[in-house]
Amino acid sequence: MTSTTEPTEPLSVEQLSATTLLRFATAGSVDDGKSTLVGRLLHDSKSILTDQLEAVERASASRGQDTPDLALLTDGLRAEREQGITIDVAYRYFATARRRFILADTPGHVQYTRNMVTGASTADLAVVLVDARNGVIEQTRRHAAVAALLRVPHVVLAVNKMDLVEYKESVFAAIAEEFTAYASELGVPEITAIPISALAGDNVVDASANMDWYGGPTVLEHLETVPVSHDLAHCHARLPVQYVIRPQTAEHPDYRGYAGQIAAGTFRVGDSVTVLPSGRTTKVAGIDLLGKPVDIAWTPQSVTLLLEDDIDVSRGDLLVPSKDAPPTTQDVEATVCHVADEPLTVGHRVLLKHGTRTVKAIVKDIPSRLTLDDLSLHPHPGRLVANDIGRVKIRTAEPLPLDAYADSRRTGAFILIDPADGTTLTAGMVGESFAAPQPVKDESDDDGWDF
């Protein structure tokens, strides 16, 4: 199917600044057509440059293909092109008149689960592809589980290759019903099912003439209209301090501001705030945004807060409303996805990075490992290897102000780092997962590891 979308002029800076931003990720099994969908989305929305399309056409012709292989727009690694698979997360940036997009095309192989976690960790929406011929399979359930685990607020089920099942409504309806029941049980809050053919372009950007029984939006229409995470503006306000600004110039002899990106919520001049982990309280005397004073600022704006009192605040501290301050703790219980090749073991000495603060920590226990195939729990595995998801208990050298990940994806997340070489070991989410493990009797702590 050829796109009927008319060419449009590039968006101006003013138009882009007036649009909202949607971060979304694609996921699906091998050969379900993720990269082809992304390529079709970029091609039919006129979001690729002429030289990029020409390069894809040349590469496709050299492989004996009569038509451009749009999957090559995202599968850029040599190994990906040779094998016809996606290995690494590919990010693409594009925009329409209604919205700007950051897209993460994630791999479908089981051994690249960690890549999907990386791509979906900041996503407002996940597109899970299913081959209409195969229906919901084990890997489909795995991707739904990861989306639920990461609290992705919107999930699109794209039933692809409808052209290979004669565009039958009954095939689509059965797959949509099975997936929706499973994902809803996991706690996915919103699921939208769309029948598509990425190769032919049906219901990707343009409505399909082959499925008149479907009256819902195309993929692009849904991406343009789905609510973005405005919920963050209504969460408890959080500002991790990135930098202390103190110019000490003749023009600003006494200026002292605390700069950072608002992770959640809203700050107003006059608000009573607490500095964590010290617990000192003061009030917001002023807010600077892009060099100008404002009375109010909200996530995800980058701002500088000025405080009424001259108190000790430094990089790594967290500014929060005094009435909504999270508890500080040295004992962290979390669900984690291990992303490094080196295993994570009980007794492992690590660095824990939360927001802008990094502290020493020790893995005290690994109560369970989650099997995503059937959501069963393997108690006390002793270690987590690459792509494993499990529960951990961590003791930090200093207290940290932690929100539950279910309440805030920004301030409820952390990473574990290898102190020897700075390698990221593990991505963590504070609190219970969707499949909370049964209480397991704690083994006695090793006193040699206590802080």
# chains A, B, ... in the order shown; residues from 1 in each chain; ligands from 1
$ select_by_dssp --residues "segment 76-213 of chain A" --states "strand (DSSP E)" --output "PyMOL selection string"
chain A and resi 90-95+99-105+125-131+154-160+191-195
$ residues_around --residues "Thr218 of chain A" --least-positions-apart "3" --cutoff "12 Å" --atoms "only C-alpha atoms" --output "list of chain:residue names"
A:Leu41, A:Val156, A:Leu157, A:Ala158, A:Val159, A:Thr192, A:Ala193, A:Ile194, A:Pro195, A:Ile196, A:Ser197, A:Ala198, A:Gly201, A:Asp202, A:Asn203, A:Val204, A:Val205, A:Asp206, A:Ala207, A:Ser208, A:Met211, A:Tyr214, A:Gly215, A:Glu221, A:His222, A:Leu223, A:Glu224, A:Thr225, A:Val226
$ write_last_selection --atoms "C-alpha atoms" --output "PDB file, in the first residue's frame"
ATOM      1  CA  LEU A  41       6.268   4.923  10.367  1.00  0.00           C
ATOM      2  CA  VAL A 156      -0.291  -0.752  22.076  1.00  0.00           C
ATOM      3  CA  LEU A 157      -0.796  -4.282  20.764  1.00  0.00           C
ATOM      4  CA  ALA A 158       0.092  -4.110  17.063  1.00  0.00           C
ATOM      5  CA  VAL A 159      -1.122  -7.300  15.383  1.00  0.00           C
ATOM      6  CA  THR A 192      -4.996  -0.463  22.652  1.00  0.00           C
ATOM      7  CA  ALA A 193      -5.080  -3.148  19.935  1.00  0.00           C
ATOM      8  CA  ILE A 194      -4.497  -2.160  16.284  1.00  0.00           C
ATOM      9  CA  PRO A 195      -4.424  -4.539  13.270  1.00  0.00           C
ATOM     10  CA  ILE A 196      -1.613  -3.583  10.870  1.00  0.00           C
ATOM     11  CA  SER A 197       0.606  -4.658   8.012  1.00  0.00           C
ATOM     12  CA  ALA A 198       3.917  -2.864   8.426  1.00  0.00           C
ATOM     13  CA  GLY A 201       1.509   0.166   5.323  1.00  0.00           C
ATOM     14  CA  ASP A 202      -1.984  -0.812   6.514  1.00  0.00           C
ATOM     15  CA  ASN A 203      -3.055   1.209   9.595  1.00  0.00           C
ATOM     16  CA  VAL A 204       0.466   2.475  10.310  1.00  0.00           C
ATOM     17  CA  VAL A 205       0.148   6.071   9.107  1.00  0.00           C
ATOM     18  CA  ASP A 206      -2.752   5.691   6.673  1.00  0.00           C
ATOM     19  CA  ALA A 207      -6.019   3.860   7.343  1.00  0.00           C
ATOM     20  CA  SER A 208      -6.272   0.490   5.636  1.00  0.00           C
ATOM     21  CA  MET A 211      -9.865  -3.793   6.992  1.00  0.00           C
ATOM     22  CA  TYR A 214     -11.724  -1.819  12.032  1.00  0.00           C
ATOM     23  CA  GLY A 215     -12.845   1.640  13.123  1.00  0.00           C
ATOM     24  CA  GLU A 221      -2.962   8.675  15.106  1.00  0.00           C
ATOM     25  CA  HIS A 222      -2.831   6.911  18.456  1.00  0.00           C
ATOM     26  CA  LEU A 223       0.749   8.052  19.085  1.00  0.00           C
ATOM     27  CA  GLU A 224      -0.244  11.629  18.325  1.00  0.00           C
ATOM     28  CA  THR A 225      -3.259  11.669  20.641  1.00  0.00           C
ATOM     29  CA  VAL A 226      -2.446   9.400  23.588  1.00  0.00           C
TER      30      VAL A 226
END
$ residues_around --residues "segment 165-182 of chain A" --least-positions-apart "3" --cutoff "8 Å" --atoms "only C-alpha atoms" --output "JSON, numbers by chain"
{"A": [132, 133, 135, 136, 141, 157, 159, 161, 162, 185, 186, 191, 193, 195, 210, 211, 213]}
$ atom_distance --atom1 "atom CA of His154 of chain A" --atom2 "atom CA of Leu318 of chain A"
28.9 Å
$ residues_around --residues "Val350 of chain A" --least-positions-apart "3" --cutoff "12 Å" --atoms "only C-alpha atoms" --output "ChimeraX atom specification"
/A:344-347,353,358-364,394-397,415-426
$ residues_around --residues "Ala148 of chain A" --least-positions-apart "6" --cutoff "8 Å" --atoms "only C-alpha atoms" --output "PDB file with all heavy atoms, in the first residue's frame"
ATOM      1  N   ALA A 183      -2.288  -9.029  29.880  1.00  0.00           N
ATOM      2  CA  ALA A 183      -1.662  -7.780  30.288  1.00  0.00           C
ATOM      3  C   ALA A 183      -2.442  -7.096  31.404  1.00  0.00           C
ATOM      4  O   ALA A 183      -1.859  -6.496  32.314  1.00  0.00           O
ATOM      5  CB  ALA A 183      -1.527  -6.852  29.088  1.00  0.00           C
ATOM      6  N   LEU A 186      -1.588  -8.472  34.696  1.00  0.00           N
ATOM      7  CA  LEU A 186      -0.294  -7.983  35.182  1.00  0.00           C
ATOM      8  C   LEU A 186      -0.384  -6.571  35.736  1.00  0.00           C
ATOM      9  O   LEU A 186       0.543  -6.103  36.392  1.00  0.00           O
ATOM     10  CB  LEU A 186       0.741  -8.013  34.054  1.00  0.00           C
ATOM     11  CG  LEU A 186       1.149  -9.382  33.515  1.00  0.00           C
ATOM     12  CD1 LEU A 186       2.084  -9.208  32.331  1.00  0.00           C
ATOM     13  CD2 LEU A 186       1.811 -10.203  34.601  1.00  0.00           C
ATOM     14  N   GLY A 187      -1.463  -5.869  35.428  1.00  0.00           N
ATOM     15  CA  GLY A 187      -1.626  -4.511  35.923  1.00  0.00           C
ATOM     16  C   GLY A 187      -1.344  -3.427  34.905  1.00  0.00           C
ATOM     17  O   GLY A 187      -1.225  -2.255  35.275  1.00  0.00           O
ATOM     18  N   VAL A 188      -1.221  -3.775  33.627  1.00  0.00           N
ATOM     19  CA  VAL A 188      -1.052  -2.749  32.594  1.00  0.00           C
ATOM     20  C   VAL A 188      -2.322  -1.900  32.558  1.00  0.00           C
ATOM     21  O   VAL A 188      -3.414  -2.432  32.336  1.00  0.00           O
ATOM     22  CB  VAL A 188      -0.783  -3.380  31.216  1.00  0.00           C
ATOM     23  CG1 VAL A 188      -0.716  -2.296  30.143  1.00  0.00           C
ATOM     24  CG2 VAL A 188       0.508  -4.180  31.246  1.00  0.00           C
ATOM     25  N   PHE A 434       5.036  -6.220  40.101  1.00  0.00           N
ATOM     26  CA  PHE A 434       3.662  -6.674  39.908  1.00  0.00           C
ATOM     27  C   PHE A 434       3.466  -8.071  40.474  1.00  0.00           C
ATOM     28  O   PHE A 434       2.366  -8.459  40.818  1.00  0.00           O
ATOM     29  CB  PHE A 434       3.298  -6.682  38.414  1.00  0.00           C
ATOM     30  CG  PHE A 434       4.202  -7.535  37.572  1.00  0.00           C
ATOM     31  CD1 PHE A 434       3.994  -8.891  37.455  1.00  0.00           C
ATOM     32  CD2 PHE A 434       5.272  -6.978  36.910  1.00  0.00           C
ATOM     33  CE1 PHE A 434       4.833  -9.682  36.694  1.00  0.00           C
ATOM     34  CE2 PHE A 434       6.119  -7.759  36.150  1.00  0.00           C
ATOM     35  CZ  PHE A 434       5.898  -9.116  36.040  1.00  0.00           C
TER      36      PHE A 434
END
$ residues_around --residues "Lys34 of chain A" --least-positions-apart "5" --cutoff "9 Å" --atoms "only C-alpha atoms" --output "list in words"
Thr26, Ala27, Gly28, Ser29, Gly39, Ala71, Thr86, Asp105, Thr106, Pro107, Gly108, Val127, Val128, Leu129 and Ala198 of chain A
$ write_last_selection --atoms "all heavy atoms" --output "mmCIF file, in the first residue's frame"
data_model
loop_
_atom_site.group_PDB
_atom_site.id
_atom_site.type_symbol
_atom_site.label_atom_id
_atom_site.label_comp_id
_atom_site.auth_asym_id
_atom_site.auth_seq_id
_atom_site.Cartn_x
_atom_site.Cartn_y
_atom_site.Cartn_z
ATOM 1 N N THR A 26 9.376 0.041 20.999
ATOM 2 C CA THR A 26 8.775 -1.100 20.316
ATOM 3 C C THR A 26 9.374 -2.380 20.854
ATOM 4 O O THR A 26 10.544 -2.423 21.234
ATOM 5 C CB THR A 26 9.008 -1.026 18.797
ATOM 6 O OG1 THR A 26 10.419 -1.052 18.540
ATOM 7 C CG2 THR A 26 8.404 0.236 18.214
ATOM 8 N N ALA A 27 8.568 -3.432 20.896
ATOM 9 C CA ALA A 27 9.036 -4.736 21.361
ATOM 10 C C ALA A 27 8.269 -5.813 20.625
ATOM 11 O O ALA A 27 7.148 -5.587 20.167
ATOM 12 C CB ALA A 27 8.840 -4.880 22.871
ATOM 13 N N GLY A 28 8.856 -6.983 20.521
ATOM 14 C CA GLY A 28 8.198 -8.086 19.840
ATOM 15 C C GLY A 28 9.190 -9.200 19.586
ATOM 16 O O GLY A 28 10.399 -9.024 19.745
ATOM 17 N N SER A 29 8.698 -10.343 19.180
ATOM 18 C CA SER A 29 9.565 -11.475 18.911
ATOM 19 C C SER A 29 10.354 -11.258 17.617
ATOM 20 O O SER A 29 10.060 -10.359 16.825
ATOM 21 C CB SER A 29 8.737 -12.759 18.800
ATOM 22 O OG SER A 29 8.002 -12.980 19.985
ATOM 23 N N GLY A 39 10.401 1.657 10.327
ATOM 24 C CA GLY A 39 10.751 2.209 9.029
ATOM 25 C C GLY A 39 9.544 2.734 8.289
ATOM 26 O O GLY A 39 9.576 3.807 7.678
ATOM 27 N N ALA A 71 13.276 -1.807 7.217
ATOM 28 C CA ALA A 71 13.878 -2.206 8.491
ATOM 29 C C ALA A 71 15.304 -1.696 8.604
ATOM 30 O O ALA A 71 15.828 -1.509 9.712
ATOM 31 C CB ALA A 71 13.857 -3.719 8.648
ATOM 32 N N THR A 86 17.319 -7.421 15.096
ATOM 33 C CA THR A 86 17.698 -6.261 15.896
ATOM 34 C C THR A 86 18.461 -6.745 17.114
ATOM 35 O O THR A 86 18.006 -7.634 17.836
ATOM 36 C CB THR A 86 16.445 -5.468 16.334
ATOM 37 O OG1 THR A 86 15.739 -5.050 15.164
ATOM 38 C CG2 THR A 86 16.837 -4.251 17.136
ATOM 39 N N ASP A 105 13.704 1.405 19.351
ATOM 40 C CA ASP A 105 13.416 0.113 18.717
ATOM 41 C C ASP A 105 14.259 -0.943 19.436
ATOM 42 O O ASP A 105 15.482 -0.945 19.336
ATOM 43 C CB ASP A 105 13.772 0.177 17.230
ATOM 44 C CG ASP A 105 13.422 -1.113 16.490
ATOM 45 O OD1 ASP A 105 12.468 -1.787 16.909
ATOM 46 O OD2 ASP A 105 14.115 -1.444 15.506
ATOM 47 N N THR A 106 13.615 -1.830 20.203
ATOM 48 C CA THR A 106 14.341 -2.769 21.057
ATOM 49 C C THR A 106 14.363 -4.169 20.450
ATOM 50 O O THR A 106 13.479 -4.535 19.684
ATOM 51 C CB THR A 106 13.720 -2.827 22.467
ATOM 52 O OG1 THR A 106 12.424 -3.439 22.385
ATOM 53 C CG2 THR A 106 13.578 -1.434 23.060
ATOM 54 N N PRO A 107 15.367 -4.971 20.820
ATOM 55 C CA PRO A 107 15.481 -6.328 20.260
ATOM 56 C C PRO A 107 14.380 -7.256 20.768
ATOM 57 O O PRO A 107 13.756 -7.015 21.797
ATOM 58 C CB PRO A 107 16.854 -6.802 20.757
ATOM 59 C CG PRO A 107 17.565 -5.570 21.211
ATOM 60 C CD PRO A 107 16.504 -4.637 21.685
ATOM 61 N N GLY A 108 14.196 -8.366 20.032
ATOM 62 C CA GLY A 108 13.170 -9.324 20.408
ATOM 63 C C GLY A 108 13.699 -10.603 21.017
ATOM 64 O O GLY A 108 12.941 -11.382 21.579
ATOM 65 N N VAL A 127 4.927 -0.267 22.225
ATOM 66 C CA VAL A 127 4.236 -0.946 21.135
ATOM 67 C C VAL A 127 4.731 -2.388 21.103
ATOM 68 O O VAL A 127 5.912 -2.640 20.842
ATOM 69 C CB VAL A 127 4.516 -0.277 19.776
ATOM 70 C CG1 VAL A 127 3.798 -1.032 18.658
ATOM 71 C CG2 VAL A 127 4.069 1.188 19.797
ATOM 72 N N VAL A 128 3.861 -3.329 21.428
ATOM 73 C CA VAL A 128 4.209 -4.747 21.413
ATOM 74 C C VAL A 128 3.649 -5.367 20.139
ATOM 75 O O VAL A 128 2.436 -5.365 19.924
ATOM 76 C CB VAL A 128 3.642 -5.473 22.647
ATOM 77 C CG1 VAL A 128 3.979 -6.960 22.594
ATOM 78 C CG2 VAL A 128 4.193 -4.855 23.928
ATOM 79 N N LEU A 129 4.550 -5.884 19.295
ATOM 80 C CA LEU A 129 4.121 -6.482 18.034
ATOM 81 C C LEU A 129 3.871 -7.976 18.188
ATOM 82 O O LEU A 129 4.578 -8.661 18.925
ATOM 83 C CB LEU A 129 5.181 -6.264 16.949
ATOM 84 C CG LEU A 129 4.964 -5.031 16.063
ATOM 85 C CD1 LEU A 129 5.368 -3.777 16.817
ATOM 86 C CD2 LEU A 129 5.736 -5.141 14.765
ATOM 87 N N ALA A 198 2.818 -3.819 8.520
ATOM 88 C CA ALA A 198 3.917 -2.864 8.426
ATOM 89 C C ALA A 198 4.524 -2.864 7.034
ATOM 90 O O ALA A 198 4.913 -1.813 6.511
ATOM 91 C CB ALA A 198 4.981 -3.195 9.468
#
$ residues_around --residues "segment 238-242 of chain A" --least-positions-apart "3" --cutoff "7 Å" --atoms "only C-alpha atoms" --output "PDB file with N, CA, C and O atoms, in the first residue's frame"
ATOM      1  N   TYR A 258      20.359  26.602  43.323  1.00  0.00           N
ATOM      2  CA  TYR A 258      20.517  25.143  43.271  1.00  0.00           C
ATOM      3  C   TYR A 258      19.816  24.634  42.015  1.00  0.00           C
ATOM      4  O   TYR A 258      18.589  24.667  41.910  1.00  0.00           O
ATOM      5  N   ALA A 259      20.614  24.186  41.048  1.00  0.00           N
ATOM      6  CA  ALA A 259      20.109  23.874  39.719  1.00  0.00           C
ATOM      7  C   ALA A 259      19.897  22.381  39.539  1.00  0.00           C
ATOM      8  O   ALA A 259      20.628  21.549  40.096  1.00  0.00           O
ATOM      9  N   GLY A 260      18.915  22.048  38.714  1.00  0.00           N
ATOM     10  CA  GLY A 260      18.637  20.658  38.384  1.00  0.00           C
ATOM     11  C   GLY A 260      17.362  20.560  37.570  1.00  0.00           C
ATOM     12  O   GLY A 260      16.665  21.559  37.356  1.00  0.00           O
ATOM     13  N   GLN A 261      17.061  19.346  37.116  1.00  0.00           N
ATOM     14  CA  GLN A 261      15.822  19.099  36.384  1.00  0.00           C
ATOM     15  C   GLN A 261      14.780  18.563  37.351  1.00  0.00           C
ATOM     16  O   GLN A 261      15.039  17.611  38.093  1.00  0.00           O
ATOM     17  N   ILE A 262      13.609  19.184  37.361  1.00  0.00           N
ATOM     18  CA  ILE A 262      12.535  18.731  38.244  1.00  0.00           C
ATOM     19  C   ILE A 262      12.119  17.331  37.826  1.00  0.00           C
ATOM     20  O   ILE A 262      11.675  17.107  36.702  1.00  0.00           O
ATOM     21  N   ALA A 263      12.281  16.371  38.715  1.00  0.00           N
ATOM     22  CA  ALA A 263      11.992  14.968  38.400  1.00  0.00           C
ATOM     23  C   ALA A 263      10.500  14.666  38.461  1.00  0.00           C
ATOM     24  O   ALA A 263      10.012  13.776  37.764  1.00  0.00           O
ATOM     25  N   ALA A 264       9.778  15.390  39.285  1.00  0.00           N
ATOM     26  CA  ALA A 264       8.336  15.168  39.413  1.00  0.00           C
ATOM     27  C   ALA A 264       7.728  16.359  40.133  1.00  0.00           C
ATOM     28  O   ALA A 264       8.403  17.055  40.900  1.00  0.00           O
ATOM     29  N   GLY A 265       6.440  16.594  39.873  1.00  0.00           N
ATOM     30  CA  GLY A 265       5.715  17.594  40.621  1.00  0.00           C
ATOM     31  C   GLY A 265       5.964  19.030  40.207  1.00  0.00           C
ATOM     32  O   GLY A 265       6.549  19.318  39.160  1.00  0.00           O
ATOM     33  N   SER A 314      24.164  20.638  48.513  1.00  0.00           N
ATOM     34  CA  SER A 314      25.192  20.336  47.527  1.00  0.00           C
ATOM     35  C   SER A 314      24.654  19.329  46.514  1.00  0.00           C
ATOM     36  O   SER A 314      23.550  18.788  46.657  1.00  0.00           O
ATOM     37  N   ARG A 315      25.453  19.078  45.467  1.00  0.00           N
ATOM     38  CA  ARG A 315      25.075  18.106  44.445  1.00  0.00           C
ATOM     39  C   ARG A 315      24.774  16.757  45.102  1.00  0.00           C
ATOM     40  O   ARG A 315      25.501  16.295  45.986  1.00  0.00           O
ATOM     41  N   GLY A 316      23.690  16.130  44.668  1.00  0.00           N
ATOM     42  CA  GLY A 316      23.287  14.853  45.235  1.00  0.00           C
ATOM     43  C   GLY A 316      22.166  14.974  46.244  1.00  0.00           C
ATOM     44  O   GLY A 316      21.490  13.982  46.539  1.00  0.00           O
ATOM     45  N   ASP A 317      21.945  16.179  46.781  1.00  0.00           N
ATOM     46  CA  ASP A 317      20.826  16.388  47.700  1.00  0.00           C
ATOM     47  C   ASP A 317      19.521  16.430  46.910  1.00  0.00           C
ATOM     48  O   ASP A 317      19.501  16.662  45.702  1.00  0.00           O
ATOM     49  N   LEU A 318      18.420  16.216  47.619  1.00  0.00           N
ATOM     50  CA  LEU A 318      17.098  16.212  47.002  1.00  0.00           C
ATOM     51  C   LEU A 318      16.232  17.247  47.689  1.00  0.00           C
ATOM     52  O   LEU A 318      16.076  17.229  48.921  1.00  0.00           O
ATOM     53  N   LEU A 319      15.660  18.178  46.916  1.00  0.00           N
ATOM     54  CA  LEU A 319      14.745  19.184  47.450  1.00  0.00           C
ATOM     55  C   LEU A 319      13.318  18.690  47.266  1.00  0.00           C
ATOM     56  O   LEU A 319      12.912  18.334  46.149  1.00  0.00           O
ATOM     57  N   VAL A 320      12.562  18.672  48.361  1.00  0.00           N
ATOM     58  CA  VAL A 320      11.192  18.140  48.333  1.00  0.00           C
ATOM     59  C   VAL A 320      10.292  19.023  49.173  1.00  0.00           C
ATOM     60  O   VAL A 320      10.773  19.744  50.069  1.00  0.00           O
ATOM     61  N   GLY A 355      19.227   9.340  41.352  1.00  0.00           N
ATOM     62  CA  GLY A 355      19.192  10.754  40.974  1.00  0.00           C
ATOM     63  C   GLY A 355      20.599  11.257  40.693  1.00  0.00           C
ATOM     64  O   GLY A 355      21.320  10.703  39.870  1.00  0.00           O
ATOM     65  N   THR A 356      20.992  12.288  41.419  1.00  0.00           N
ATOM     66  CA  THR A 356      22.346  12.839  41.253  1.00  0.00           C
ATOM     67  C   THR A 356      23.280  12.406  42.376  1.00  0.00           C
ATOM     68  O   THR A 356      24.393  12.914  42.474  1.00  0.00           O
TER      69      THR A 356
END
$ atom_distance --atom1 "atom CA of Arg391 of chain A" --atom2 "atom CA of Thr140 of chain A"
22.6 Å
$ atom_distance --atom1 "atom CA of Gly412 of chain A" --atom2 "atom CA of Gln330 of chain A"
14.4 Å
$ closest_residue --among "A:Ala297, A:Leu164, A:Leu400, A:Val155" --to "Val275 of chain A" --atoms "only C-alpha atoms"
A:Leu400
$ select_by_dssp --residues "segment 80-237 of chain A" --states "helix (DSSP H, G or I)" --output "number ranges by chain"
A: 80-83, 110-120, 138-149, 162-165, 169-186, 219-225, 230-234
